[in-house]
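Asker: Before I ask anything, here is the structure I am working with.
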Amino acid sequence: MSTPLVNDNGVNREMTTDEAAVYQAWAAEQAALIKQIEQDAADKAAARAAVLAKLGLTTDEAAALLG
Amino acid sequence: MATPPDFTAGQVLTAAQMNKIGLWVVKTETAFSAAASVTADSIFTSDFTNYVLKLRYTTSTTGSVSFKLRASGSSASTNYNFQSINGNGASVSASGSTGQTSANIGILTNGSFFSSASVDLFGPQLAEATTYTSTNMNSQGAYTAPINYYIAGNHSTATAYDGIEILVASGTMTGSYTIYGYNE
């Protein structure tokens, strides 16, 4: 993996080892966070679909009903 | 004498008139290319309380854009809290995050589709919490479906900061930014 670049006050340079470690830890944490958000959204959509199925409504019908 | 801003040719401006200029550039437009991170130090001073960051950018992949406040060249990585609302087509979604290691200000572009963020920062150089709002126009992989992303949040650590780091969560970002101080 190449060393990430930082634009340091207008000058592009490679991150130092310490800077790269901090950045990569942060990036990994952000990736996990996004994955969690996507999973939560998928879970919510599945729950909504299950309720609509019980009611026998399509997504469009539910949208029309709820405005 | 015309009253500013109705200047006339050759008019001599007084200090009082000049001191009413509303926005003052504290970081001139700076371009960056294929960078994972951008830093700007020694820009928040006692001259101004509030600032605005104008950011024009693309991201190479699907990483969103965040910031961290900096003091003496070191970025603070705790105590960021924010709430966002996202309008995408006919869908609106909202989410909140607390105790984060950075503050989100914009979504990915996933390619060469410019997006923009206008980030107001309130009191970063005060030894108090810093609050912020970001209005992000996002082109997530196409100009035909702009996304409206609005974030409000804070960094609750009561520390005086003099700089900012802008980061992309994956890949790199390319673009430019300018930072202004709001004259009081």
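Every chain in the structure tokens has a letter given in the order shown (A, B, ...), and although residue numbers restart at 1 in each chain, ligands are simply numbered from 1 in the order shown.
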Given a cut-off of 9 Å, which residues of chain B touch chain A, counting only C-alpha atoms, written out as a list in words?
Answerer: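 Output check: Thr30, Ala31, Phe32, Ser33, Ala34, Ala35, Ala36, Ser37, Val38, Thr39, Ala40, Asp41, Gly63, Ser64, Ser77, Ser95, Thr101, Ser102, Leu167, Val168, Ala169, Ser170, Gly171 and Thr172 of chain B.
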Asker: Would you mind writing down, as number ranges by chain, each residue of chain A that DSSP on the backbone assigns to alpha helix (DSSP H)?
Answerer: A: 17-55, 59-66
Asker: Would you save the residues of that selection, restricted to N, CA and C atoms, as a short mmCIF file (atom, residue, chain, number, x, y, z; two decimals), in the first residue's frame?
Answerer:
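Writing done, so here's part-v1.cif:
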data_model
loop_
_atom_site.label_atom_id
_atom_site.label_comp_id
_atom_site.auth_asym_id
_atom_site.auth_seq_id
_atom_site.Cartn_x
_atom_site.Cartn_y
_atom_site.Cartn_z
N THR A 17 5.21 8.24 9.04
CA THR A 17 4.72 6.94 9.53
C THR A 17 3.64 7.13 10.58
N ASP A 18 3.87 8.05 11.50
CA ASP A 18 2.89 8.30 12.56
C ASP A 18 1.59 8.87 11.99
N GLU A 19 1.72 9.83 11.08
CA GLU A 19 0.53 10.44 10.47
C GLU A 19 -0.27 9.39 9.69
N ALA A 20 0.44 8.54 8.96
CA ALA A 20 -0.24 7.51 8.16
C ALA A 20 -0.97 6.52 9.07
N ALA A 21 -0.35 6.18 10.20
CA ALA A 21 -0.99 5.24 11.13
C ALA A 21 -2.28 5.83 11.68
N VAL A 22 -2.23 7.09 12.07
CA VAL A 22 -3.43 7.77 12.60
C VAL A 22 -4.50 7.85 11.52
N TYR A 23 -4.08 8.23 10.31
CA TYR A 23 -5.04 8.36 9.21
C TYR A 23 -5.69 7.01 8.88
N GLN A 24 -4.86 5.97 8.79
CA GLN A 24 -5.41 4.67 8.40
C GLN A 24 -6.34 4.09 9.46
N ALA A 25 -6.03 4.36 10.73
CA ALA A 25 -6.94 3.91 11.80
C ALA A 25 -8.27 4.64 11.70
N TRP A 26 -8.19 5.94 11.41
CA TRP A 26 -9.42 6.73 11.26
C TRP A 26 -10.23 6.24 10.05
N ALA A 27 -9.53 5.97 8.93
CA ALA A 27 -10.23 5.52 7.72
C ALA A 27 -10.91 4.17 7.95
N ALA A 28 -10.25 3.30 8.68
CA ALA A 28 -10.85 1.98 8.97
C ALA A 28 -12.09 2.14 9.83
N GLU A 29 -12.00 3.04 10.78
CA GLU A 29 -13.15 3.30 11.66
C GLU A 29 -14.32 3.88 10.85
N GLN A 30 -14.01 4.78 9.92
CA GLN A 30 -15.06 5.36 9.08
C GLN A 30 -15.72 4.29 8.21
N ALA A 31 -14.91 3.37 7.69
CA ALA A 31 -15.45 2.30 6.84
C ALA A 31 -16.41 1.43 7.64
N ALA A 32 -16.04 1.14 8.89
CA ALA A 32 -16.91 0.32 9.75
C ALA A 32 -18.20 1.06 10.06
N LEU A 33 -18.06 2.36 10.27
CA LEU A 33 -19.23 3.19 10.58
C LEU A 33 -20.21 3.19 9.41
N ILE A 34 -19.69 3.37 8.21
CA ILE A 34 -20.53 3.40 7.02
C ILE A 34 -21.21 2.04 6.82
N LYS A 35 -20.46 0.98 7.07
CA LYS A 35 -21.03 -0.37 6.93
C LYS A 35 -22.20 -0.54 7.90
N GLN A 36 -22.04 -0.03 9.12
CA GLN A 36 -23.09 -0.13 10.13
C GLN A 36 -24.32 0.67 9.71
N ILE A 37 -24.08 1.88 9.19
CA ILE A 37 -25.20 2.73 8.74
C ILE A 37 -25.95 2.04 7.60
N GLU A 38 -25.20 1.46 6.67
CA GLU A 38 -25.84 0.76 5.54
C GLU A 38 -26.63 -0.44 6.03
N GLN A 39 -26.08 -1.15 7.02
CA GLN A 39 -26.78 -2.32 7.57
C GLN A 39 -28.06 -1.88 8.27
N ASP A 40 -27.97 -0.80 9.03
CA ASP A 40 -29.15 -0.28 9.73
C ASP A 40 -30.25 0.10 8.74
N ALA A 41 -29.83 0.75 7.63
CA ALA A 41 -30.80 1.16 6.61
C ALA A 41 -31.43 -0.07 5.96
N ALA A 42 -30.62 -1.09 5.70
CA ALA A 42 -31.14 -2.32 5.08
C ALA A 42 -32.12 -3.02 6.02
N ASP A 43 -31.77 -3.03 7.31
CA ASP A 43 -32.65 -3.66 8.31
C ASP A 43 -33.99 -2.92 8.38
N LYS A 44 -33.90 -1.60 8.33
CA LYS A 44 -35.11 -0.77 8.42
C LYS A 44 -36.00 -1.02 7.19
N ALA A 45 -35.35 -1.09 6.02
CA ALA A 45 -36.12 -1.32 4.79
C ALA A 45 -36.77 -2.69 4.81
N ALA A 46 -36.05 -3.68 5.33
CA ALA A 46 -36.61 -5.04 5.41
C ALA A 46 -37.79 -5.08 6.37
N ALA A 47 -37.67 -4.37 7.49
CA ALA A 47 -38.76 -4.33 8.47
C ALA A 47 -40.00 -3.66 7.86
N ARG A 48 -39.75 -2.56 7.10
CA ARG A 48 -40.87 -1.86 6.45
C ARG A 48 -41.54 -2.77 5.43
N ALA A 49 -40.74 -3.49 4.65
CA ALA A 49 -41.28 -4.39 3.64
C ALA A 49 -42.11 -5.50 4.28
N ALA A 50 -41.65 -5.96 5.44
CA ALA A 50 -42.38 -7.03 6.13
C ALA A 50 -43.75 -6.55 6.60
N VAL A 51 -43.78 -5.31 7.10
CA VAL A 51 -45.07 -4.75 7.57
C VAL A 51 -46.01 -4.55 6.38
N LEU A 52 -45.48 -4.03 5.28
CA LEU A 52 -46.31 -3.82 4.08
C LEU A 52 -46.86 -5.15 3.57
N ALA A 53 -46.03 -6.18 3.63
CA ALA A 53 -46.47 -7.50 3.16
C ALA A 53 -47.62 -8.01 4.03
N LYS A 54 -47.53 -7.80 5.35
CA LYS A 54 -48.60 -8.21 6.26
C LYS A 54 -49.90 -7.49 5.94
N LEU A 55 -49.75 -6.21 5.58
CA LEU A 55 -50.93 -5.40 5.27
C LEU A 55 -51.43 -5.62 3.85
N THR A 59 -45.35 -0.72 -2.01
CA THR A 59 -44.64 0.48 -1.56
C THR A 59 -45.33 1.74 -2.06
N ASP A 60 -45.78 1.72 -3.32
CA ASP A 60 -46.47 2.89 -3.88
C ASP A 60 -47.78 3.15 -3.15
N GLU A 61 -48.51 2.10 -2.82
CA GLU A 61 -49.78 2.26 -2.10
C GLU A 61 -49.53 2.84 -0.70
N ALA A 62 -48.49 2.37 -0.06
CA ALA A 62 -48.16 2.89 1.27
C ALA A 62 -47.78 4.36 1.19
N ALA A 63 -47.01 4.71 0.15
CA ALA A 63 -46.60 6.11 -0.02
C ALA A 63 -47.82 6.99 -0.26
N ALA A 64 -48.77 6.51 -1.06
CA ALA A 64 -49.99 7.28 -1.33
C ALA A 64 -50.81 7.46 -0.05
N LEU A 65 -50.83 6.42 0.76
CA LEU A 65 -51.59 6.44 2.01
C LEU A 65 -51.00 7.44 3.01
N LEU A 66 -49.67 7.45 3.07
CA LEU A 66 -48.99 8.28 4.08
C LEU A 66 -48.63 9.67 3.57
#
Asker: Could you pull out the residues in region 132-180 of chain B that DSSP calls strand (DSSP E) from the backbone, as a ChimeraX atom specification?
Answerer: /B:132-138,147-155,163-168,173-180
Asker: May I ask which of the residues B:Lys20, B:Lys68, B:Lys54, B:His155 is the closest one to Thr135 (chain B), counting only C-alpha atoms?
Answerer: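 Between B:Lys20, B:Lys68, B:Lys54, B:His155, the residue approaching Thr135 (chain B) most closely is B:Lys54.
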Asker: Just want the 10 Å neighbourhood of Thr157 (chain B), counted on only C-alpha atoms, with same-chain residues fewer than 2 positions away dropped. Output as a VMD selection string.
Answerer: chain B and resid 76 78 to 80 127 to 130 154 to 155 159 to 160
Asker: Kindly export the residues of the current selection with C-alpha atoms, as a short mmCIF file (atom, residue, chain, number, x, y, z; two decimals), in the first residue's frame.
Answerer:
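Produced file selection14.cif, reproduced below:
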data_model
loop_
_atom_site.label_atom_id
_atom_site.label_comp_id
_atom_site.auth_asym_id
_atom_site.auth_seq_id
_atom_site.Cartn_x
_atom_site.Cartn_y
_atom_site.Cartn_z
CA ALA B 76 -7.91 16.60 17.78
CA THR B 78 -12.29 13.06 20.05
CA ASN B 79 -15.60 14.64 21.00
CA TYR B 80 -17.18 15.40 17.63
CA ALA B 127 -11.18 27.85 24.62
CA GLU B 128 -14.80 26.73 24.41
CA ALA B 129 -16.74 24.20 22.35
CA THR B 130 -16.70 24.84 18.59
CA ASN B 154 -19.92 20.52 17.38
CA HIS B 155 -16.56 19.66 18.81
CA THR B 159 -9.73 24.08 23.52
CA ALA B 160 -8.49 26.96 21.38
#
Asker: Just give me the gap between CA of Pro146 (chain B) and CA of Asn88 (chain B) in Å, one decimal is fine.
Answerer: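 Computed distance, CA of Pro146 (chain B) to CA of Asn88 (chain B), equals 7.4 Å.
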Asker: Would you compute the distance between CA of Glu29 (chain B) and CA of Ala16 (chain B)? Give it in Å to one decimal.
Answerer: 26.8 Å
Asker: Report the distance between CA of Ala158 (chain B) and CA of Gly73 (chain B) in Å, rounded to one decimal place.
Answerer: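 The value is 17.3 Å.
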